[in-house]
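S.K.: Dropping in entry28.tsv, which is TSV, C-alpha atoms and all ligand atoms:
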chain	number	residue	atom	x	y	z
A	1	MET	CA	123.58	45.85	133.33
A	2	LYS	CA	122.14	45.89	136.86
A	3	LEU	CA	123.75	48.71	138.81
A	4	PRO	CA	123.10	50.25	142.25
A	5	ARG	CA	120.64	53.16	142.05
A	6	GLN	CA	122.55	55.09	144.67
A	7	VAL	CA	126.30	55.31	145.33
A	8	LYS	CA	128.19	56.87	148.21
A	9	LEU	CA	131.35	58.69	147.21
A	10	VAL	CA	134.09	58.79	149.85
A	11	GLU	CA	136.28	61.79	149.13
A	12	VAL	CA	139.91	61.10	150.01
A	13	GLY	CA	141.59	64.11	148.37
A	14	ALA	CA	142.49	65.95	151.56
A	15	ARG	CA	144.29	62.85	152.86
A	16	ASP	CA	145.32	60.45	150.07
A	17	GLY	CA	145.38	63.33	147.62
A	18	LEU	CA	147.70	65.56	149.59
A	19	GLN	CA	149.87	63.09	151.52
A	20	ASN	CA	152.23	62.61	148.61
A	21	GLU	CA	152.53	66.28	147.65
A	22	LEU	CA	155.87	67.95	148.26
A	23	VAL	CA	154.36	71.44	148.35
A	24	ILE	CA	153.19	71.76	151.95
A	25	ILE	CA	149.69	73.21	151.94
A	26	GLU	CA	148.82	75.61	154.76
A	27	SER	CA	146.35	74.25	157.30
A	28	ALA	CA	143.97	77.13	156.49
A	29	ASP	CA	143.96	76.09	152.83
A	30	LYS	CA	143.33	72.44	153.70
A	31	ILE	CA	140.43	73.62	155.86
A	32	ALA	CA	139.12	75.76	152.98
A	33	LEU	CA	139.35	72.74	150.65
A	34	ILE	CA	137.46	70.47	153.07
A	35	ASP	CA	134.80	73.14	153.67
A	36	ARG	CA	134.33	73.47	149.91
A	37	LEU	CA	134.04	69.69	149.62
A	38	SER	CA	131.44	69.65	152.41
A	39	ALA	CA	129.37	72.14	150.42
A	40	THR	CA	129.25	69.83	147.38
A	41	GLY	CA	126.89	67.32	149.00
A	42	LEU	CA	129.52	64.66	149.70
A	43	SER	CA	128.64	62.59	152.77
A	44	ALA	CA	132.12	61.26	153.62
A	45	ILE	CA	135.32	63.30	153.49
A	46	GLU	CA	138.57	61.84	154.78
A	47	VAL	CA	140.30	64.71	156.47
A	48	SER	CA	143.89	63.74	157.32
A	49	SER	CA	145.93	61.10	159.10
A	50	PHE	CA	147.51	60.76	162.53
A	51	VAL	CA	150.72	59.15	161.33
A	52	SER	CA	154.37	59.93	162.01
A	53	PRO	CA	155.17	63.45	160.75
A	54	GLN	CA	158.67	62.19	159.91
A	55	HIS	CA	157.12	59.70	157.48
A	56	VAL	CA	154.37	61.92	156.05
A	57	PRO	CA	155.12	65.61	156.71
A	58	GLN	CA	152.07	66.87	154.80
A	59	MET	CA	149.76	65.31	157.43
A	60	ALA	CA	151.56	66.82	160.42
A	61	ASP	CA	148.81	69.39	160.98
A	62	ALA	CA	145.91	66.94	161.45
A	63	VAL	CA	144.99	68.54	164.80
A	64	GLU	CA	144.76	72.04	163.31
A	65	VAL	CA	142.81	70.84	160.29
A	66	LEU	CA	140.31	68.92	162.42
A	67	ALA	CA	139.87	71.90	164.71
A	68	GLY	CA	139.30	74.30	161.82
A	69	ILE	CA	136.84	72.53	159.54
A	70	GLU	CA	133.14	73.15	159.60
A	71	ARG	CA	131.41	69.84	160.33
A	72	TRP	CA	128.28	69.60	158.25
A	73	PRO	CA	125.37	67.56	159.57
A	74	GLY	CA	125.16	64.17	157.91
A	75	VAL	CA	128.78	64.28	156.73
A	76	SER	CA	131.40	61.99	158.24
A	77	TYR	CA	135.00	63.15	158.52
A	78	PRO	CA	137.13	60.02	159.04
A	79	ILE	CA	140.84	60.14	159.78
A	80	LEU	CA	143.55	57.53	159.17
A	81	VAL	CA	145.10	55.95	162.26
A	82	PRO	CA	148.00	53.43	162.18
A	83	ASN	CA	148.45	52.67	165.89
A	84	ARG	CA	147.47	53.47	169.46
A	85	LYS	CA	149.27	56.80	169.47
A	86	GLY	CA	147.34	57.86	166.38
A	87	LEU	CA	144.08	56.77	167.97
A	88	GLU	CA	144.81	58.68	171.18
A	89	ASN	CA	145.47	61.81	169.13
A	90	ALA	CA	142.25	61.24	167.20
A	91	LEU	CA	140.22	60.71	170.36
A	92	SER	CA	141.56	63.89	171.90
A	93	CYS	CA	140.26	65.76	168.83
A	94	GLY	CA	136.76	64.32	169.17
A	95	VAL	CA	136.99	62.25	165.98
A	96	GLU	CA	133.87	60.17	165.31
A	97	GLU	CA	135.32	57.83	162.70
A	98	ILE	CA	138.77	56.41	162.02
A	99	ALA	CA	140.20	54.29	159.22
A	100	ILE	CA	142.75	51.58	159.86
A	101	PHE	CA	144.88	50.39	156.95
A	102	ALA	CA	146.29	46.93	156.40
A	103	ALA	CA	147.95	45.53	153.28
A	104	ALA	CA	147.70	42.28	151.35
A	105	SER	CA	151.45	42.37	150.71
A	106	GLU	CA	154.08	41.76	153.41
A	107	THR	CA	156.65	44.04	151.81
A	108	PHE	CA	154.19	46.89	151.37
A	109	SER	CA	153.08	46.50	154.98
A	110	GLU	CA	156.70	46.77	156.15
A	111	ARG	CA	157.41	49.79	153.95
A	112	ASN	CA	154.18	51.55	154.78
A	113	ILE	CA	153.74	50.99	158.49
A	114	ASN	CA	156.98	49.28	159.50
A	115	CYS	CA	155.52	45.95	160.58
A	116	SER	CA	154.38	42.61	159.15
A	117	ILE	CA	150.76	41.94	158.23
A	118	ALA	CA	150.33	39.77	161.35
A	119	GLN	CA	151.79	42.47	163.61
A	120	SER	CA	149.59	45.09	161.96
A	121	LEU	CA	146.46	42.99	162.55
A	122	GLU	CA	147.35	42.57	166.20
A	123	ARG	CA	147.87	46.32	166.49
A	124	PHE	CA	144.74	47.23	164.52
A	125	SER	CA	142.63	44.82	166.54
A	126	LYS	CA	143.52	46.72	169.73
A	127	VAL	CA	143.04	50.10	168.03
A	128	ALA	CA	139.65	49.09	166.66
A	129	GLY	CA	138.53	47.63	170.00
A	130	LEU	CA	139.42	50.81	171.86
A	131	ALA	CA	137.88	53.04	169.20
A	132	LEU	CA	134.62	51.09	169.24
A	133	SER	CA	134.50	51.17	173.04
A	134	LYS	CA	134.58	54.99	172.76
A	135	GLY	CA	131.76	55.01	170.21
A	136	VAL	CA	134.09	55.75	167.27
A	137	LYS	CA	133.27	54.04	163.96
A	138	VAL	CA	136.05	52.10	162.24
A	139	ARG	CA	136.56	51.68	158.51
A	140	GLY	CA	139.19	49.29	157.16
A	141	TYR	CA	141.45	49.59	154.14
A	142	ILE	CA	143.31	46.83	152.38
A	143	SER	CA	146.14	48.02	150.16
A	144	CYS	CA	147.61	46.20	147.18
A	145	VAL	CA	144.48	44.13	146.50
A	146	VAL	CA	145.56	43.31	142.96
A	147	GLY	CA	149.26	43.99	142.81
A	148	CYS	CA	152.13	45.18	144.97
A	149	PRO	CA	154.94	47.44	143.76
A	150	TYR	CA	157.44	45.12	145.48
A	151	GLU	CA	155.88	41.64	145.21
A	152	GLY	CA	153.81	41.70	142.01
A	153	ASP	CA	150.47	39.86	141.80
A	154	ILE	CA	148.42	39.34	144.94
A	155	ALA	CA	146.08	36.35	145.37
A	156	PRO	CA	142.40	37.31	145.77
A	157	GLU	CA	142.09	34.74	148.59
A	158	THR	CA	144.63	36.72	150.65
A	159	VAL	CA	142.45	39.82	150.26
A	160	ALA	CA	139.27	37.95	151.18
A	161	ASP	CA	140.84	36.51	154.34
A	162	LEU	CA	142.17	39.91	155.35
A	163	ALA	CA	138.78	41.50	154.79
A	164	LEU	CA	137.22	38.94	157.13
A	165	ARG	CA	139.85	39.67	159.79
A	166	LEU	CA	139.15	43.41	159.59
A	167	LEU	CA	135.40	42.84	159.76
A	168	ASP	CA	135.93	40.60	162.82
A	169	MET	CA	137.67	43.54	164.50
A	170	GLY	CA	134.53	45.60	164.03
A	171	CYS	CA	135.18	47.52	160.82
A	172	TYR	CA	131.83	48.47	159.32
A	173	GLU	CA	133.22	48.53	155.78
A	174	ILE	CA	136.32	47.38	153.92
A	175	SER	CA	137.76	49.55	151.21
A	176	LEU	CA	139.67	47.53	148.62
A	177	GLY	CA	142.69	49.56	147.51
A	178	ASP	CA	144.39	49.13	144.17
A	179	THR	CA	147.24	51.20	145.56
A	180	THR	CA	149.29	51.39	142.40
A	181	GLY	CA	146.39	51.35	139.96
A	182	VAL	CA	147.65	48.28	138.11
A	183	GLY	CA	144.37	46.36	138.06
A	184	THR	CA	142.31	45.80	134.92
A	185	PRO	CA	138.57	45.03	134.80
A	186	GLY	CA	139.21	41.29	134.40
A	187	GLN	CA	141.43	41.22	137.47
A	188	ILE	CA	138.97	43.28	139.51
A	189	LYS	CA	136.16	40.93	138.53
A	190	ALA	CA	138.25	37.91	139.53
A	191	LEU	CA	139.08	39.61	142.85
A	192	LEU	CA	135.47	40.53	143.60
A	193	ASP	CA	134.21	37.06	142.64
A	194	VAL	CA	136.41	35.62	145.39
A	195	VAL	CA	135.93	38.36	148.00
A	196	THR	CA	132.14	38.52	147.66
A	197	GLU	CA	131.92	34.78	148.32
A	198	LYS	CA	132.99	35.59	151.88
A	199	VAL	CA	132.03	39.24	152.38
A	200	SER	CA	128.72	40.92	151.64
A	201	VAL	CA	128.84	43.62	148.95
A	202	GLN	CA	127.15	45.95	151.47
A	203	GLN	CA	130.37	45.85	153.49
A	204	LEU	CA	132.70	46.63	150.59
A	205	ALA	CA	134.02	49.81	148.97
A	206	VAL	CA	136.53	50.27	146.18
A	207	HIS	CA	139.52	52.58	146.24
A	208	PHE	CA	141.24	52.73	142.88
A	209	HIS	CA	144.29	54.72	141.92
A	210	ASP	CA	144.41	55.57	138.23
A	211	THR	CA	148.03	54.99	137.28
A	212	TYR	CA	147.18	52.91	134.21
A	213	GLY	CA	143.92	54.69	133.37
A	214	GLN	CA	141.81	51.69	134.38
A	215	ALA	CA	140.02	53.11	137.40
A	216	LEU	CA	136.66	54.08	135.85
A	217	ALA	CA	136.38	50.76	134.04
A	218	ASN	CA	137.27	49.00	137.29
A	219	ILE	CA	134.63	50.99	139.18
A	220	LEU	CA	132.02	49.92	136.65
A	221	VAL	CA	132.95	46.30	137.30
A	222	ALA	CA	132.58	46.93	141.04
A	223	LEU	CA	129.15	48.52	140.49
A	224	GLU	CA	128.10	45.50	138.45
A	225	ALA	CA	129.15	43.32	141.39
A	226	GLY	CA	126.78	45.36	143.58
A	227	ILE	CA	129.33	47.55	145.39
A	228	ALA	CA	127.86	50.97	146.08
A	229	VAL	CA	130.68	52.83	147.87
A	230	VAL	CA	133.49	54.37	145.83
A	231	ASP	CA	136.55	56.24	147.12
A	232	SER	CA	137.92	58.99	144.92
A	233	SER	CA	139.98	62.14	145.11
A	234	VAL	CA	139.06	65.59	143.90
A	235	ALA	CA	141.15	66.62	140.86
A	236	GLY	CA	142.62	63.11	140.83
A	237	LEU	CA	145.20	64.07	143.43
A	238	GLY	CA	146.97	61.35	145.27
A	239	GLY	CA	149.49	58.63	145.57
A	240	CYS	CA	151.18	56.83	148.39
A	241	PRO	CA	154.68	57.85	149.49
A	242	PHE	CA	155.43	54.15	150.06
A	243	ALA	CA	154.16	52.91	146.68
A	244	PRO	CA	156.67	54.12	144.09
A	245	GLY	CA	155.08	55.00	140.75
A	246	ALA	CA	151.52	55.17	142.11
A	247	ALA	CA	149.51	57.96	140.53
A	248	GLY	CA	146.55	59.76	142.03
A	249	ASN	CA	143.23	58.28	142.96
A	250	VAL	CA	140.55	58.31	140.31
A	251	ALA	CA	139.20	61.87	140.11
A	252	THR	CA	135.93	62.40	141.99
A	253	GLU	CA	134.69	64.68	139.21
A	254	ASP	CA	135.17	61.88	136.65
A	255	VAL	CA	133.47	59.29	138.85
A	256	LEU	CA	130.57	61.68	139.44
A	257	TYR	CA	130.21	62.42	135.72
A	258	MET	CA	130.01	58.68	135.06
A	259	MET	CA	127.48	58.17	137.87
A	260	ASN	CA	125.36	61.02	136.54
A	261	GLY	CA	125.49	59.49	133.08
A	262	LEU	CA	124.36	56.15	134.50
A	263	ASP	CA	121.54	57.86	136.39
A	264	ILE	CA	123.01	56.75	139.71
A	265	HIS	CA	122.20	59.11	142.58
A	266	THR	CA	125.12	60.47	144.64
A	267	GLY	CA	123.79	63.76	146.01
A	268	VAL	CA	126.96	65.55	144.88
A	269	GLU	CA	127.02	68.71	142.75
A	270	LEU	CA	129.51	68.53	139.89
A	271	ASP	CA	130.12	72.27	139.46
A	272	LYS	CA	130.95	72.79	143.12
A	273	LEU	CA	133.23	69.78	143.03
A	274	ILE	CA	135.07	71.10	139.98
A	275	ASP	CA	135.56	74.45	141.76
A	276	ALA	CA	136.98	72.70	144.83
A	277	GLY	CA	139.39	70.79	142.59
A	278	LEU	CA	140.53	73.90	140.74
A	279	PHE	CA	141.01	75.67	144.09
A	280	ILE	CA	143.47	73.05	145.38
A	281	CYS	CA	145.21	72.70	142.01
A	282	ARG	CA	146.01	76.42	141.99
A	283	LEU	CA	147.67	76.03	145.40
A	284	LEU	CA	149.66	73.03	144.15
A	285	TYR	CA	150.70	74.83	140.93
A	286	ARG	CA	149.35	72.02	138.78
A	287	SER	CA	146.53	71.34	136.42
A	288	SER	CA	143.64	69.12	137.44
A	289	GLY	CA	143.95	65.37	137.00
A	290	SER	CA	140.22	65.25	136.25
A	291	LYS	CA	139.37	64.95	132.57
A	292	VAL	CA	135.88	66.27	133.31
A	293	ALA	CA	137.23	69.38	135.06
A	294	LEU	CA	139.60	70.05	132.16
A	295	ALA	CA	136.86	69.53	129.59
A	296	ARG	CA	134.53	71.93	131.42
A	297	LYS	CA	137.30	74.50	131.77
A	298	SER	CA	138.19	74.43	128.06
A	299	LEU	CA	134.50	74.54	127.15
A	300	LEU	CA	134.11	77.70	129.25
A	301	SER	CA	137.18	79.37	127.74
A	302	THR	CA	135.93	78.54	124.20
A	303	ARG	CA	132.59	80.18	125.05
A	304	CYS	CA	134.39	83.30	126.32
B	401	LIG	P1	157.47	53.31	163.62
B	401	LIG	O1	158.78	54.04	163.40
B	401	LIG	O2	157.50	51.83	163.56
B	401	LIG	O3	156.81	53.74	165.00
B	401	LIG	O4	156.42	53.89	162.59
B	401	LIG	P2	157.34	53.71	166.45
B	401	LIG	O5	156.18	53.29	167.30
B	401	LIG	O6	158.63	52.93	166.57
B	401	LIG	O7	157.67	55.25	166.78
B	401	LIG	C1	158.71	55.94	166.10
B	401	LIG	C2	158.45	57.45	166.26
B	401	LIG	O8	157.24	57.80	165.57
B	401	LIG	C3	158.26	57.89	167.71
B	401	LIG	O9	158.71	59.23	167.82
B	401	LIG	C4	156.76	57.88	167.85
B	401	LIG	O10	156.31	58.73	168.88
B	401	LIG	C5	156.32	58.38	166.49
B	401	LIG	P3	160.15	59.58	168.49
B	401	LIG	O11	160.09	58.96	169.85
B	401	LIG	O12	161.18	58.92	167.59
B	401	LIG	O13	160.17	61.07	168.44
B	401	LIG	N1	154.98	57.91	166.15
B	401	LIG	C6	153.95	58.72	165.84
B	401	LIG	N2	153.87	60.05	165.71
B	401	LIG	C7	152.67	60.56	165.36
B	401	LIG	N3	151.57	59.80	165.14
B	401	LIG	C8	151.63	58.46	165.25
B	401	LIG	C9	152.85	57.88	165.62
B	401	LIG	N4	153.25	56.61	165.82
B	401	LIG	C10	154.53	56.65	166.14
B	401	LIG	N5	150.54	57.73	165.02
B	401	LIG	C11	154.21	54.31	161.80
B	401	LIG	C12	155.14	53.31	162.46
B	401	LIG	C13	152.97	53.58	161.41
B	401	LIG	C14	153.89	55.42	162.78
B	401	LIG	C15	154.93	54.92	160.56
B	401	LIG	O14	155.43	53.88	159.77
B	401	LIG	C16	154.04	55.81	159.76
B	401	LIG	O15	153.60	56.85	160.22
B	401	LIG	N6	153.81	55.45	158.48
B	401	LIG	C17	153.01	56.28	157.57
B	401	LIG	C18	151.98	55.44	156.93
B	401	LIG	C19	151.14	56.26	155.98
B	401	LIG	O16	150.63	57.30	156.34
B	401	LIG	N7	151.02	55.77	154.72
B	401	LIG	C20	150.16	56.39	153.76
B	401	LIG	C21	148.72	56.12	154.05
B	401	LIG	S1	148.21	54.48	153.57
B	401	LIG	C22	147.68	54.68	151.94
B	401	LIG	O17	147.85	55.72	151.38
B	401	LIG	C23	146.94	53.56	151.28
B	401	LIG	C24	145.43	53.81	151.20
B	401	LIG	O18	145.16	55.03	150.54
B	401	LIG	C25	144.75	52.66	150.47
B	401	LIG	C26	145.39	52.33	149.12
B	401	LIG	O19	145.49	53.21	148.24
B	401	LIG	O20	145.81	51.18	148.99
B	401	LIG	C27	144.82	53.90	152.60
B	402	MG	MG	145.08	55.27	148.39
What do you get writing this file as structure tokens?

M.R.:
Amino acid sequence: MKLPRQVKLVEVGARDGLQNELVIIESADKIALIDRLSATGLSAIEVSSFVSPQHVPQMADAVEVLAGIERWPGVSYPILVPNRKGLENALSCGVEEIAIFAAASETFSERNINCSIAQSLERFSKVAGLALSKGVKVRGYISCVVGCPYEGDIAPETVADLALRLLDMGCYEISLGDTTGVGTPGQIKALLDVVTEKVSVQQLAVHFHDTYGQALANILVALEAGIAVVDSSVAGLGGCPFAPGAAGNVATEDVLYMMNGLDIHTGVELDKLIDAGLFICRLLYRSSGSKVALARKSLLSTRC
């Protein structure tokens, strides 16, 4: 197996992880979570999103969260932006990186951002152009890269074409989202075979939800394909309000444990990450979705 020697973990727990939670977390607690995540050695932490508060109430305090976090040197703090209004809000907060998010499924695009794929690309092209002209970096997401909760299977060619469109707009990286976590290693391999014919692996990241427990296996397939950027969410929090049945993202702790076991450098400290996950789980009145965090916790209580 030839795997990358170094992998960048993009922590999405404060955004993807929390956006679906009904318990509204205080801004101060979101800030405390992000500050704890910064202290783990992560180099990319998605903070929040500038979307409609009617659609996603949990993200309504993006301004307060951005104003309150400590920005560590060398760490990027991207924020999700769906349209010009979101970008203007982001610019007024001094954001240095945004993420735009398209979908490979028409129905998901309509449900998620209330427009067709073509309309979204037109909108995102203007958003990306303006962001870049202000010196703001732009990352691109593609949702439903394997399957859509409304349309079923998605053709890899659709994903590859979309990735090229987002790169043409100036995105520096495309994160391939298995939004509902339906993909299996065979499907991910088939997807990446097609996408990497058109897009360099250096410009790709993977973003796997773990609904069917396939995420770690799928990440391994992505590593084998040469992809070295992995999105994940502390404590396995997450889900998309517009993707019924979608579970959380793969837990960052579990991804890190696997990377450590494979001798792949990430720069992230597992114990600090587990603490950050347990901190947010206490506030959400739930146990961690990370198997590694649970294993460590039960090991500690056995020792006591
Ligand atoms: P819309 O209703 O078509 O927008 O929503 P509109 O332009 O017609 O405006 C309607 C109202 O929303 C207006 O307010 C606007 O001002 C307001 P009113 O005049 O009625 O009081 N509005 C906004 N407010 C704040 N910030 C904004 C904004 N834009 C309009 N940026 C819109 C379109 C995209 C805004 C809406 O559909 C929306 O917010 N959707 C939420 C999308 C979302 O956050 N989804 C979850 C994240 S994506 C994801 O999780 C997938 C990912 O993780 C990858 C994966 O797993 O696959 C990234
Ligand atoms: Mg997601």

S.K.: Closest to ligand LIG 401 (chain B) among A:Leu283, A:Leu300, A:Val201, A:Ile98, using all atoms listed in the file?

M.R.: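 Among the listed residues, A:Ile98 lies closest to ligand LIG 401 (chain B).
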
S.K.: Find, counting only C-alpha atoms, the residue in A:Gly261, A:Pro78, A:Gly147, A:Gly140 that gets nearest to Tyr172 (chain A).

M.R.: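 Of the candidates, the smallest distance to Tyr172 (chain A) is held by A:Gly140.
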
S.K.: Could you list, as a ChimeraX atom specification, all the residues within 7 Å of ligand MG 402 (chain B), counting all atoms listed in the file?

M.R.: /A:16,177,179,207,209,239-240,249

S.K.: From the set A:Glu88, A:Glu96, A:Glu46, A:Glu26, which residue has the shortest atom-to-atom contact distance to Glu64 (chain A), counting all atoms listed in the file?

M.R.: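 The answer is A:Glu26, which sits nearest to Glu64 (chain A).
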
S.K.: With 3 Å of padding per side, what axis-aligned box (centre and edge lengths, Å, one decimal) covers all the listed atoms of ligand LIG 401 (chain B)? Give it as AutoDock Vina command-line options.

M.R.:
--center_x 153.0 --center_y 56.1 --center_z 159.0 --size_x 22.4 --size_y 15.9 --size_z 27.6

S.K.: So, with all atoms listed in the file as the atoms that count, which of A:Leu256, A:Ala62, A:Met1, A:Val127 lies closest to Pro82 (chain A)?

M.R.: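 Closest candidate: A:Val127.
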